[in-house]
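Undergrad: I'm passing along input_18.cif; it holds mmCIF, C-alpha atoms.
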data_data
#
loop_
_atom_site.label_atom_id
_atom_site.label_comp_id
_atom_site.auth_asym_id
_atom_site.auth_seq_id
_atom_site.Cartn_x
_atom_site.Cartn_y
_atom_site.Cartn_z
CA MET A 189 -15.71 -11.63 23.38
CA LYS A 190 -15.93 -12.52 27.05
CA LYS A 191 -18.44 -15.17 28.06
CA SER A 192 -20.81 -12.62 29.57
CA LEU A 193 -24.06 -12.92 27.65
CA GLY A 194 -26.46 -15.50 29.05
CA ALA A 195 -29.62 -16.63 27.33
CA VAL A 196 -31.71 -13.96 29.07
CA ALA A 197 -29.31 -11.20 28.07
CA VAL A 198 -29.23 -12.38 24.48
CA ALA A 199 -33.02 -12.49 24.34
CA ALA A 200 -33.24 -9.02 25.83
CA ALA A 201 -30.72 -7.69 23.35
CA VAL A 202 -32.61 -9.21 20.44
CA ALA A 203 -35.87 -7.72 21.65
CA LEU A 204 -34.30 -4.30 22.05
CA SER A 205 -32.67 -4.42 18.66
CA LEU A 206 -35.84 -5.45 16.88
CA SER A 207 -37.95 -2.81 18.57
CA ALA A 208 -35.37 -0.11 17.89
CA CYS A 209 -35.06 -1.09 14.27
CA ASN A 210 -38.79 -0.61 13.74
CA GLY A 211 -38.94 2.70 15.57
CA SER A 212 -37.94 5.29 12.98
CA SER A 213 -39.33 6.59 9.73
CA SER A 214 -37.46 6.28 6.46
CA GLU A 215 -36.81 10.03 6.43
CA GLU A 216 -35.37 10.01 9.97
CA SER A 217 -33.31 6.94 9.11
CA ALA A 218 -31.55 8.68 6.24
CA LYS A 219 -30.12 11.75 8.01
CA GLY A 220 -28.61 12.99 11.24
CA GLU A 221 -25.64 11.71 13.24
CA ILE A 222 -24.55 8.08 13.13
CA SER A 223 -22.03 6.48 15.47
CA TYR A 224 -19.07 4.41 14.26
CA TRP A 225 -16.72 2.41 16.48
CA LEU A 226 -13.26 1.00 15.82
CA TRP A 227 -10.49 -0.38 18.07
CA ASP A 228 -7.24 0.51 16.28
CA ALA A 229 -5.98 3.96 17.28
CA ASN A 230 -3.45 3.88 14.43
CA GLN A 231 -6.30 3.85 11.90
CA LEU A 232 -8.33 6.61 13.51
CA PRO A 233 -6.85 9.50 11.45
CA ALA A 234 -7.60 7.73 8.17
CA TYR A 235 -11.20 7.00 9.09
CA GLN A 236 -11.75 10.48 10.44
CA GLN A 237 -10.74 11.78 7.01
CA CYS A 238 -13.15 9.29 5.42
CA ALA A 239 -15.91 10.56 7.71
CA ASP A 240 -15.19 14.18 6.84
CA ASP A 241 -15.17 13.39 3.11
CA PHE A 242 -18.38 11.39 3.47
CA THR A 243 -20.19 14.29 5.16
CA LYS A 244 -19.05 16.69 2.44
CA ALA A 245 -20.71 14.41 -0.10
CA ASN A 246 -23.72 13.75 2.17
CA PRO A 247 -24.41 16.97 4.14
CA ASP A 248 -27.42 15.48 5.91
CA VAL A 249 -25.31 12.83 7.64
CA THR A 250 -22.47 13.23 10.15
CA VAL A 251 -20.33 10.44 11.59
CA LYS A 252 -19.18 10.38 15.20
CA ILE A 253 -16.18 8.04 15.56
CA THR A 254 -15.28 6.36 18.86
CA GLN A 255 -12.04 4.41 19.33
CA ARG A 256 -11.61 1.94 22.18
CA GLY A 257 -8.85 -0.57 22.92
CA TRP A 258 -9.51 -4.19 21.94
CA ASP A 259 -10.78 -5.59 25.27
CA ASP A 260 -12.77 -2.49 26.21
CA TYR A 261 -14.19 -2.36 22.69
CA TRP A 262 -15.86 -5.76 22.83
CA SER A 263 -17.06 -5.56 26.43
CA THR A 264 -18.62 -2.14 25.80
CA LEU A 265 -20.16 -3.34 22.54
CA THR A 266 -21.65 -6.36 24.30
CA ASN A 267 -23.17 -4.12 26.95
CA GLY A 268 -24.47 -1.87 24.18
CA PHE A 269 -26.32 -4.76 22.56
CA VAL A 270 -27.96 -5.58 25.88
CA GLY A 271 -28.79 -1.98 26.78
CA GLY A 272 -29.78 -0.78 23.32
CA THR A 273 -26.85 1.67 23.10
CA ALA A 274 -24.64 -0.07 20.55
CA PRO A 275 -23.19 2.02 17.69
CA ASP A 276 -24.97 2.23 14.37
CA VAL A 277 -21.90 0.89 12.57
CA PHE A 278 -18.88 -0.89 13.98
CA THR A 279 -15.72 -2.65 12.91
CA ASN A 280 -16.43 -6.38 13.07
CA HIS A 281 -14.15 -9.39 13.43
CA LEU A 282 -14.41 -12.83 11.84
CA GLY A 283 -14.14 -14.43 15.25
CA ARG A 284 -17.21 -12.55 16.50
CA TYR A 285 -19.71 -12.06 13.73
CA GLY A 286 -21.09 -15.60 13.52
CA GLU A 287 -22.62 -15.40 16.97
CA LEU A 288 -23.70 -11.79 16.46
CA ALA A 289 -25.56 -12.78 13.31
CA GLU A 290 -27.06 -15.81 15.02
CA ASN A 291 -28.32 -13.58 17.85
CA ASN A 292 -29.91 -11.14 15.37
CA GLN A 293 -27.56 -8.29 16.27
CA LEU A 294 -26.49 -7.56 12.69
CA LEU A 295 -28.41 -6.01 9.84
CA PRO A 296 -28.12 -7.81 6.49
CA ILE A 297 -26.74 -5.49 3.81
CA ASP A 298 -27.46 -7.42 0.62
CA ASP A 299 -29.74 -4.64 -0.65
CA ALA A 300 -26.96 -2.09 -0.18
CA VAL A 301 -24.60 -4.16 -2.30
CA GLU A 302 -27.16 -4.31 -5.08
CA GLN A 303 -28.29 -0.69 -4.86
CA ASN A 304 -24.73 0.66 -4.84
CA ASN A 305 -23.55 -1.71 -7.58
CA ILE A 306 -20.69 -2.86 -5.36
CA ASP A 307 -18.31 -5.12 -7.28
CA LEU A 308 -17.45 -7.86 -4.81
CA SER A 309 -14.76 -9.22 -7.14
CA ALA A 310 -12.77 -6.01 -6.66
CA TYR A 311 -11.78 -7.13 -3.17
CA ASN A 312 -8.87 -9.45 -2.52
CA GLU A 313 -9.89 -13.01 -3.24
CA GLY A 314 -12.15 -14.61 -0.66
CA LEU A 315 -12.62 -11.58 1.61
CA ALA A 316 -16.16 -10.74 0.55
CA ASP A 317 -17.33 -14.36 0.85
CA LEU A 318 -16.31 -14.52 4.49
CA TRP A 319 -19.08 -12.15 5.52
CA VAL A 320 -21.95 -14.24 4.18
CA GLY A 321 -23.60 -16.03 7.10
CA GLN A 322 -25.01 -19.53 7.25
CA ASP A 323 -28.40 -18.06 6.34
CA GLY A 324 -26.97 -16.82 3.03
CA LYS A 325 -27.23 -13.15 4.01
CA ARG A 326 -24.34 -10.68 3.95
CA TYR A 327 -23.40 -9.02 7.25
CA GLY A 328 -20.37 -6.97 6.33
CA LEU A 329 -18.30 -5.42 3.56
CA PRO A 330 -14.53 -5.96 3.68
CA LYS A 331 -12.36 -3.09 4.93
CA ASP A 332 -8.86 -4.62 5.18
CA TRP A 333 -6.82 -7.80 5.47
CA ASP A 334 -3.79 -8.97 7.40
CA THR A 335 -1.17 -11.72 7.46
CA ILE A 336 1.72 -12.64 9.78
CA GLY A 337 5.44 -11.86 9.44
CA LEU A 338 8.60 -11.83 11.58
CA PHE A 339 9.70 -8.42 12.84
CA TYR A 340 13.37 -8.46 13.80
CA ASN A 341 15.99 -6.15 15.30
CA LYS A 342 18.62 -5.60 12.61
CA ALA A 343 21.35 -4.62 15.08
CA MET A 344 20.84 -7.79 17.09
CA LEU A 345 21.02 -9.90 13.95
CA ALA A 346 24.25 -8.22 12.88
CA ALA A 347 25.81 -8.71 16.32
CA ALA A 348 24.90 -12.40 16.17
CA GLY A 349 26.36 -12.83 12.69
CA ILE A 350 22.99 -13.70 11.16
CA SER A 351 22.29 -12.22 7.75
CA GLU A 352 18.97 -10.84 6.59
CA ASP A 353 19.08 -13.36 3.74
CA GLN A 354 19.13 -16.13 6.34
CA MET A 355 16.07 -14.61 7.96
CA LYS A 356 14.25 -14.74 4.64
CA ASP A 357 14.99 -18.44 4.19
CA LEU A 358 14.11 -20.02 7.55
CA THR A 359 12.69 -23.53 7.88
CA TRP A 360 10.74 -25.10 10.73
CA ASN A 361 9.54 -28.49 11.92
CA PRO A 362 8.09 -29.67 15.24
CA GLU A 363 10.87 -32.18 15.87
CA ASP A 364 13.93 -29.94 16.20
CA GLY A 365 12.59 -26.52 15.16
CA GLY A 366 14.70 -26.37 11.99
CA THR A 367 16.81 -23.32 11.23
CA TYR A 368 14.13 -21.20 12.90
CA GLU A 369 14.99 -22.60 16.32
CA LYS A 370 18.71 -22.35 15.62
CA VAL A 371 18.35 -18.63 14.85
CA ILE A 372 16.11 -18.08 17.88
CA ALA A 373 18.62 -19.85 20.13
CA HIS A 374 21.58 -17.88 18.79
CA LEU A 375 19.78 -14.57 19.22
CA THR A 376 18.96 -15.38 22.86
CA VAL A 377 21.47 -13.85 25.28
CA ASP A 378 21.71 -14.37 29.04
CA ASN A 379 22.77 -11.79 31.62
CA SER A 380 26.42 -12.76 31.29
CA GLY A 381 26.47 -12.47 27.50
CA LYS A 382 26.21 -16.19 26.72
CA ARG A 383 24.04 -17.08 23.74
CA GLY A 384 21.35 -19.73 23.88
CA ASP A 385 23.38 -22.19 21.81
CA GLU A 386 26.62 -21.71 23.75
CA PRO A 387 27.92 -23.80 26.67
CA GLY A 388 27.12 -22.23 30.02
CA PHE A 389 23.97 -20.42 28.85
CA ASP A 390 21.77 -19.61 31.87
CA LYS A 391 18.15 -20.07 30.84
CA ASN A 392 16.92 -18.67 34.14
CA ASN A 393 18.62 -15.31 33.72
CA VAL A 394 17.96 -14.12 30.19
CA ASP A 395 18.59 -10.57 29.02
CA VAL A 396 17.35 -10.87 25.41
CA TYR A 397 14.96 -13.57 24.19
CA GLY A 398 15.31 -14.82 20.65
CA LEU A 399 11.53 -14.86 20.21
CA GLY A 400 8.95 -12.65 21.89
CA LEU A 401 5.67 -14.04 23.24
CA ASN A 402 2.26 -12.47 22.77
CA GLY A 403 0.34 -14.97 24.90
CA GLY A 404 -0.97 -18.53 24.83
CA GLY A 405 -2.93 -17.95 21.64
CA ASP A 406 -6.33 -19.14 22.98
CA SER A 407 -8.39 -20.80 20.22
CA SER A 408 -6.82 -19.27 17.10
CA GLY A 409 -3.11 -18.69 17.82
CA GLN A 410 -3.18 -16.02 15.13
CA THR A 411 0.15 -14.38 15.96
CA GLU A 412 1.51 -16.95 18.41
CA TRP A 413 1.63 -20.38 16.75
CA SER A 414 -0.78 -20.75 13.82
CA TYR A 415 1.87 -19.71 11.27
CA LEU A 416 3.76 -22.85 12.38
CA THR A 417 1.04 -25.40 13.17
CA ASN A 418 -0.67 -24.88 9.83
CA THR A 419 2.46 -25.78 7.85
CA THR A 420 2.08 -29.40 9.03
CA GLY A 421 -1.20 -30.10 7.25
CA TRP A 422 -3.20 -29.35 10.39
CA SER A 423 -6.22 -27.02 10.36
CA HIS A 424 -8.32 -25.63 13.19
CA THR A 425 -11.62 -27.11 11.99
CA ASP A 426 -13.09 -29.73 9.67
CA LYS A 427 -14.09 -26.99 7.22
CA ASN A 428 -13.93 -23.22 7.13
CA PRO A 429 -16.08 -21.24 7.35
CA TRP A 430 -18.80 -22.79 9.49
CA GLY A 431 -16.98 -25.90 10.63
CA THR A 432 -18.54 -28.00 13.38
CA HIS A 433 -15.51 -29.96 14.57
CA TYR A 434 -12.24 -28.62 16.01
CA ASN A 435 -8.94 -30.50 15.77
CA TYR A 436 -6.91 -29.63 18.86
CA ASP A 437 -6.56 -33.37 19.53
CA ASP A 438 -4.59 -33.93 16.30
CA PRO A 439 -1.10 -35.37 17.04
CA LYS A 440 0.44 -32.95 14.51
CA PHE A 441 -0.97 -29.99 16.40
CA GLN A 442 0.03 -31.30 19.79
CA ALA A 443 3.58 -32.02 18.63
CA SER A 444 3.81 -28.44 17.36
CA MET A 445 2.56 -27.06 20.67
CA ASP A 446 5.00 -29.18 22.67
CA TRP A 447 7.80 -27.65 20.58
CA PHE A 448 6.44 -24.13 21.03
CA ALA A 449 6.11 -24.46 24.79
CA GLY A 450 9.59 -25.96 24.88
CA LEU A 451 11.09 -22.65 23.72
CA ALA A 452 10.18 -21.07 27.04
CA ASP A 453 11.54 -24.07 28.94
CA LYS A 454 14.84 -23.69 27.10
CA GLY A 455 14.95 -19.99 27.89
CA TYR A 456 14.61 -18.88 24.26
CA MET A 457 11.17 -17.29 24.76
CA PRO A 458 9.69 -15.52 27.81
CA LYS A 459 7.64 -17.53 30.26
CA LEU A 460 3.94 -16.86 29.82
CA GLU A 461 3.43 -15.50 33.31
CA THR A 462 6.02 -12.76 32.69
CA THR A 463 4.08 -11.41 29.70
CA VAL A 464 0.83 -10.60 31.51
CA GLY A 465 0.06 -6.91 31.10
CA ALA A 466 3.09 -6.36 28.86
CA ALA A 467 2.67 -5.37 25.21
CA MET A 468 4.91 -7.62 23.12
CA ALA A 469 5.78 -4.81 20.71
CA ASP A 470 6.89 -2.55 23.55
CA THR A 471 9.04 -5.35 24.96
CA PHE A 472 10.69 -5.60 21.54
CA ALA A 473 11.23 -1.83 21.57
CA ALA A 474 12.89 -2.16 24.97
CA GLY A 475 15.43 -4.55 23.47
CA LYS A 476 14.15 -7.63 25.27
CA SER A 477 13.34 -9.74 22.20
CA ALA A 478 15.12 -10.07 18.86
CA ILE A 479 12.23 -11.49 16.79
CA ASN A 480 8.50 -10.98 17.17
CA ALA A 481 5.94 -12.84 15.06
CA HIS A 482 3.14 -10.33 14.60
CA GLY A 483 0.47 -9.11 12.22
CA SER A 484 0.72 -6.64 9.37
CA TRP A 485 -1.51 -4.23 11.27
CA MET A 486 1.50 -3.63 13.54
CA ILE A 487 3.88 -2.44 10.80
CA GLY A 488 3.56 1.22 11.74
CA GLN A 489 4.17 0.59 15.40
CA TYR A 490 7.28 -1.57 14.95
CA THR A 491 8.84 0.67 12.33
CA GLY A 492 7.98 3.78 14.33
CA TYR A 493 10.15 3.05 17.36
CA GLN A 494 13.00 5.52 17.68
CA GLY A 495 16.54 4.16 17.67
CA ILE A 496 15.63 0.66 16.41
CA GLU A 497 16.18 -0.45 12.84
CA VAL A 498 13.54 -3.07 12.09
CA GLY A 499 13.41 -5.67 9.35
CA ILE A 500 10.49 -7.89 8.40
CA ALA A 501 11.04 -11.49 7.29
CA PRO A 502 8.52 -14.02 6.01
CA THR A 503 7.34 -16.81 8.28
CA PRO A 504 9.35 -20.08 8.08
CA VAL A 505 8.81 -22.81 5.51
CA GLY A 506 7.26 -25.81 7.24
CA PRO A 507 7.32 -29.61 6.81
CA GLN A 508 5.09 -29.56 3.74
CA GLY A 509 7.42 -27.18 1.91
CA GLU A 510 5.39 -23.99 2.20
CA ARG A 511 4.94 -21.04 4.52
CA ALA A 512 1.61 -20.37 6.19
CA SER A 513 -0.25 -17.40 7.60
CA MET A 514 -3.69 -16.82 8.95
CA PHE A 515 -5.61 -14.55 6.57
CA ASN A 516 -7.91 -12.35 8.57
CA GLY A 517 -10.15 -9.70 7.15
CA LEU A 518 -12.17 -7.13 9.03
CA ALA A 519 -15.45 -5.66 7.86
CA ASP A 520 -17.89 -2.95 8.83
CA SER A 521 -21.27 -4.14 10.07
CA ILE A 522 -24.54 -2.43 10.97
CA TRP A 523 -26.23 -3.00 14.31
CA ALA A 524 -29.73 -4.39 13.85
CA GLY A 525 -31.04 -1.90 16.40
CA THR A 526 -29.95 1.24 14.56
CA GLU A 527 -32.51 3.98 14.12
CA LYS A 528 -30.42 5.31 11.23
CA LYS A 529 -30.58 2.31 8.93
CA ASP A 530 -30.40 4.22 5.65
CA ALA A 531 -27.63 6.57 6.75
CA ALA A 532 -25.68 3.68 8.29
CA THR A 533 -26.01 1.64 5.11
CA LYS A 534 -24.75 4.55 3.04
CA TRP A 535 -21.75 4.93 5.40
CA VAL A 536 -20.88 1.22 5.20
CA ALA A 537 -20.99 1.35 1.41
CA TYR A 538 -18.67 4.38 1.50
CA LEU A 539 -16.24 2.63 3.86
CA ALA A 540 -16.03 -0.23 1.38
CA SER A 541 -15.42 2.07 -1.59
CA ALA A 542 -12.17 3.15 -3.23
CA ASP A 543 -12.84 6.73 -2.08
CA CYS A 544 -12.28 5.67 1.52
CA GLN A 545 -9.96 2.70 1.08
CA ASP A 546 -7.53 4.76 -0.99
CA VAL A 547 -7.37 7.22 1.93
CA VAL A 548 -6.59 4.34 4.28
CA ALA A 549 -3.95 3.09 1.83
CA SER A 550 -2.23 6.48 1.71
CA LYS A 551 -1.64 6.41 5.47
CA ALA A 552 0.47 3.21 5.21
CA VAL A 553 -1.04 1.59 8.31
CA VAL A 554 -2.94 -1.48 7.03
CA PHE A 555 -3.75 -3.18 3.72
CA PRO A 556 -7.25 -2.23 2.48
CA ALA A 557 -9.52 -4.97 1.17
CA LEU A 558 -9.84 -3.62 -2.37
CA LYS A 559 -7.08 -5.05 -4.54
CA ALA A 560 -6.27 -1.70 -6.15
CA SER A 561 -6.20 0.07 -2.78
CA SER A 562 -4.08 -2.71 -1.30
CA ASP A 563 -1.49 -2.16 -4.03
CA LYS A 564 -1.49 1.55 -3.24
CA ALA A 565 -0.86 0.75 0.44
CA ALA A 566 2.18 -1.35 -0.51
CA GLU A 567 3.46 1.62 -2.51
CA ALA A 568 2.86 3.94 0.45
CA PHE A 569 4.82 1.61 2.74
CA ALA A 570 7.65 1.45 0.19
CA ALA A 571 7.73 5.25 0.04
CA LYS A 572 8.39 5.17 3.79
CA GLY A 573 11.24 2.73 3.24
CA VAL A 574 9.34 -0.27 4.61
CA ASP A 575 9.51 -3.56 2.71
CA VAL A 576 6.18 -5.33 3.25
CA THR A 577 6.65 -8.25 0.87
CA ALA A 578 6.77 -10.64 3.85
CA PHE A 579 3.04 -9.97 4.22
CA THR A 580 1.96 -9.51 0.62
CA GLU A 581 3.76 -12.65 -0.61
CA HIS A 582 1.38 -14.81 1.43
CA VAL A 583 -1.53 -13.46 -0.57
CA LYS A 584 0.33 -13.60 -3.86
CA ASN A 585 1.51 -17.19 -3.32
CA LYS A 586 -1.77 -18.36 -1.75
CA THR A 587 -0.10 -19.59 1.42
CA THR A 588 -2.90 -18.27 3.62
CA PHE A 589 -5.62 -20.00 5.60
CA LEU A 590 -8.74 -18.40 7.04
CA TYR A 591 -9.36 -17.34 10.59
CA PRO A 592 -11.62 -20.13 11.97
CA ILE A 593 -15.23 -19.04 11.58
CA THR A 594 -17.74 -21.12 13.52
CA ASP A 595 -20.66 -20.82 15.88
CA ASN A 596 -19.95 -20.79 19.63
CA THR A 597 -16.72 -18.83 19.22
CA ALA A 598 -16.94 -17.18 22.64
CA LYS A 599 -17.48 -20.56 24.30
CA VAL A 600 -14.67 -22.14 22.29
CA LYS A 601 -12.32 -19.41 23.40
CA GLY A 602 -13.53 -19.78 26.99
CA ILE A 603 -12.47 -23.43 26.93
CA MET A 604 -9.28 -23.13 24.91
CA GLU A 605 -7.73 -20.04 26.45
CA PRO A 606 -6.95 -21.62 29.84
CA ALA A 607 -6.08 -24.93 28.16
CA MET A 608 -3.56 -23.27 25.83
CA ASP A 609 -2.17 -21.13 28.64
CA ALA A 610 -1.54 -24.28 30.66
CA VAL A 611 0.43 -25.81 27.79
CA VAL A 612 2.43 -22.71 26.86
CA SER A 613 3.26 -22.05 30.52
CA GLY A 614 4.57 -25.60 30.88
CA LYS A 615 1.96 -26.58 33.46
CA ALA A 616 0.41 -29.24 31.20
CA PRO A 617 1.59 -31.27 28.20
CA ALA A 618 0.01 -30.68 24.80
CA SER A 619 -1.74 -34.04 25.15
CA SER A 620 -4.02 -32.31 27.69
CA LEU A 621 -5.62 -30.49 24.76
CA THR A 622 -7.47 -33.68 23.83
CA ALA A 623 -9.80 -33.25 26.80
CA ALA A 624 -10.31 -29.57 25.99
CA ASN A 625 -11.07 -30.51 22.39
CA GLU A 626 -13.79 -32.89 23.55
CA GLN A 627 -15.42 -30.06 25.49
CA VAL A 628 -15.24 -27.81 22.45
CA ASN A 629 -16.76 -30.32 20.07
CA ALA A 630 -19.55 -31.10 22.55
CA LEU A 631 -20.77 -27.55 21.90
CA PHE A 632 -21.72 -28.56 18.37
CA LYS A 633 -23.71 -31.69 19.25
#
Could you express the structure from this file as structure tokens?
TA:
Amino acid sequence: MKKSLGAVAVAAAVALSLSACNGSSSEESAKGEISYWLWDANQLPAYQQCADDFTKANPDVTVKITQRGWDDYWSTLTNGFVGGTAPDVFTNHLGRYGELAENNQLLPIDDAVEQNNIDLSAYNEGLADLWVGQDGKRYGLPKDWDTIGLFYNKAMLAAAGISEDQMKDLTWNPEDGGTYEKVIAHLTVDNSGKRGDEPGFDKNNVDVYGLGLNGGGDSSGQTEWSYLTNTTGWSHTDKNPWGTHYNYDDPKFQASMDWFAGLADKGYMPKLETTVGAAMADTFAAGKSAINAHGSWMIGQYTGYQGIEVGIAPTPVGPQGERASMFNGLADSIWAGTEKKDAATKWVAYLASADCQDVVASKAVVFPALKASSDKAAEAFAAKGVDVTAFTEHVKNKTTFLYPITDNTAKVKGIMEPAMDAVVSGKAPASSLTAANEQVNALFK
């Protein structure tokens, strides 16, 4: 979320939400139209079906769904909190909800869990616990989960003489990049047809990059670098969730970031400034990158491009002998200012149920949070001819780590985004992150 809410705005939003919450009778709260927001257009059809099914079972309640792109979603939601026009229910993110709960923007839903006899153990391990705030109250029910994998262009691999078995067995370290860097280098091709590991390669005139770039990664590096940095024994914070000390000054992290930034300097990865305004997946579709590290929520998009045969490999094995992937899980939360508390609560419980999550699973777009529904999603992907084990193996083998959940997340991002961009763009060494880390940790004193 952009750093746009000052203390006055937060106070105003809290006041609005509290007054709105107390402004409707129980009868009015239980019926009528409720609004629901999400940001992923690929999931819209599944949730529209859930909404239609929900209304059939609850004729007194209708659900109006609004989909907005990621950036517009959060800026509009922020304005809605301030102006009292936020949706009754919205898709929430682990990187946002701590501050929303702290600012009294979220309605606790513990009573709904009890009243609906929701079995929290039915969700994939750890997902339900993430949505319990520091006050011990629950602010969301899990809807899905994601991990990171390597999408690759099969034709480019074949032309380079790299087998898919090699892609499944990559290693990485921050010193020389391991076999991961060797593969990236060999898949890089300049305008004259020279590969990145061949004499005469022109790093300033590259036609195909071995590895695509999604950005600098700001404070989390979810798809950019965290699947590498966290194989070294490094972690974002002192504990998770609710850590109070970040570790961007750790030599292990800085060595990893020096290596990552070095890929662009060698010509194996696009320069950061060339990626502004460009969707990494679309660049892959245009044949400009051979490998993209991206999240499981992107499976449908990558495998849906016409004329490109896509494979998915697991992330590389790191120095400690294991792979790593951030494990992120979304949830549906209720705005504290809703005038439809009862109807909204009923909708959130339905979204978290097998009735809805099985619908989501059948669309083969994301992995639902319920273990049984998640298995059905894997089957739906397989029926489409898509092997998703690169993502599911992280959960099975417990090689995941949580998205960093702390207070001050917007401020942390505000500090780290330009700092990380400076490193990834080659304008500053990774050692510069020590100063940024001091600013971040000062937020918690």
Undergrad: Which polymer residues have any atom within 7 Å of an atom of Lys391 in chain A, counting all atoms listed in the file, with same-chain residues fewer than 2 positions away left out, as a list of chain:residue names?
TA: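 Close residues of Lys391 in chain A: A:Asp378, A:Phe389, A:Asn393, A:Val394, A:Lys454, A:Gly455.
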Undergrad: Restricting the calculation to all atoms listed in the file: of A:Gly506, A:Gly475, A:Pro556, A:Gly450, which residue gets closest to Val612 in chain A?
TA: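 Result for the nearest residue to Val612 in chain A: A:Gly450.
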Undergrad: Just give me the gap between CA of Ser380 in chain A and CA of Gly400 in chain A in Å, one decimal is fine.
TA: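 Separation of CA of Ser380 in chain A and CA of Gly400 in chain A: 19.8 Å.
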Undergrad: How big is the axis-aligned box, and where does its centre sit, when it encloses all atoms of range 465-480 of chain A listed in the file and has 8 Å added on every side, reported in Å to one decimal as JSON?
TA:
{"center_x": 7.7, "center_y": -6.7, "center_z": 23.9, "size_x": 31.4, "size_y": 25.7, "size_z": 30.3}
Undergrad: Within 12 Å of Ile350 in chain A, counting only C-alpha atoms, which residues show up once you throw out same-chain ones fewer than 2 positions away? Write them as a PyMOL selection string, please.
TA: chain A and resi 340-348+352-358+367-368+370-375+478
Undergrad: Counting only C-alpha atoms, note down every residue that has an atom within 12 Å of the point (-1.6, -17.9, 7.4) (file coordinates), as a VMD selection string.
TA: chain A and resid 333 to 337 408 to 419 422 to 424 481 to 484 502 to 506 510 to 517 578 to 583 585 to 592
Undergrad: Just checking: using all atoms listed in the file, which residue out of A:Thr359, A:Gln545, A:Gln489, A:Thr463 ends up closest to Ser561 in chain A?
TA: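 The shortest atom-to-atom distance to Ser561 in chain A comes from A:Gln545.
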Undergrad: Please write as a list in words the full residue list that the PyMOL selection byres ((chain A and resi 258) around 10) yields on this file.
TA: Met189, Leu226, Trp227, Asp228, Gln255, Arg256, Gly257, Asp259, Asp260, Tyr261, Trp262 and Ser263 of chain A
Undergrad: When you draw a straight line from CA of Ala557 in chain A to CA of Asp276 in chain A, how long is it in Å?
TA: 21.6 Å
Undergrad: Quick one: which residues end up in the PyMOL selection byres ((chain A and resi 447) around 8) for this structure, as a ChimeraX atom specification?
TA: /A:362-365,443-446,448-451
Undergrad: Take the PyMOL selection byres ((chain A and resi 315) around 10), apply it to the structure above, and return the hits as a list of chain:residue names.
TA: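 Output of the PyMOL selection byres ((chain A and resi 315) around 10): A:Leu308, A:Ser309, A:Ala310, A:Tyr311, A:Asn312, A:Glu313, A:Gly314, A:Ala316, A:Asp317, A:Leu318, A:Trp319, A:Leu329, A:Pro330, A:Lys331, A:Asp332, A:Trp333, A:Phe515, A:Asn516, A:Gly517, A:Leu518, A:Ala519, A:Ala557, A:Leu558, A:Leu590.
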Undergrad: Give me, please, the distance in Å between CA of Val628 in chain A and CA of Asn435 in chain A, quoted to one decimal.
TA: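 A separation of 9.6 Å between them.
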Undergrad: Could you give me, as an MDAnalysis selection string, the residues that sit within 8 Å of (-23.1, 2.7, -0.2) in the file's coordinates, counting all atoms listed in the file?
TA: chainID A and resid 300:301 303:304 306 533:541
Undergrad: Looking at only C-alpha atoms, which of A:Phe441, A:Tyr493, A:Tyr434, A:Phe269 is the one that sits closest to Thr471 in chain A?
TA: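 Looking only at the distances to Thr471 in chain A, the closest residue turns out to be A:Tyr493.
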Undergrad: Pick out the closest residue to Gly283 in chain A from this set: A:Trp430, A:Trp485, A:Ser562, A:Ala474. Count all atoms listed in the file.
TA: A:Trp430
Undergrad: May I have the residues within 8 Å of Asn280 in chain A as an mmCIF file with C-alpha atoms, in the coordinates of the input, using all atoms listed in the file and disregarding those fewer than 2 positions away in the same chain?
TA:
data_model
loop_
_atom_site.group_PDB
_atom_site.id
_atom_site.type_symbol
_atom_site.label_atom_id
_atom_site.label_comp_id
_atom_site.auth_asym_id
_atom_site.auth_seq_id
_atom_site.Cartn_x
_atom_site.Cartn_y
_atom_site.Cartn_z
ATOM 1 C CA PHE A 278 -18.880 -0.890 13.980
ATOM 2 C CA LEU A 282 -14.410 -12.830 11.840
ATOM 3 C CA ARG A 284 -17.210 -12.550 16.500
ATOM 4 C CA TYR A 285 -19.710 -12.060 13.730
ATOM 5 C CA GLY A 328 -20.370 -6.970 6.330
ATOM 6 C CA LEU A 518 -12.170 -7.130 9.030
ATOM 7 C CA ALA A 519 -15.450 -5.660 7.860
ATOM 8 C CA ASP A 520 -17.890 -2.950 8.830
ATOM 9 C CA SER A 521 -21.270 -4.140 10.070
#
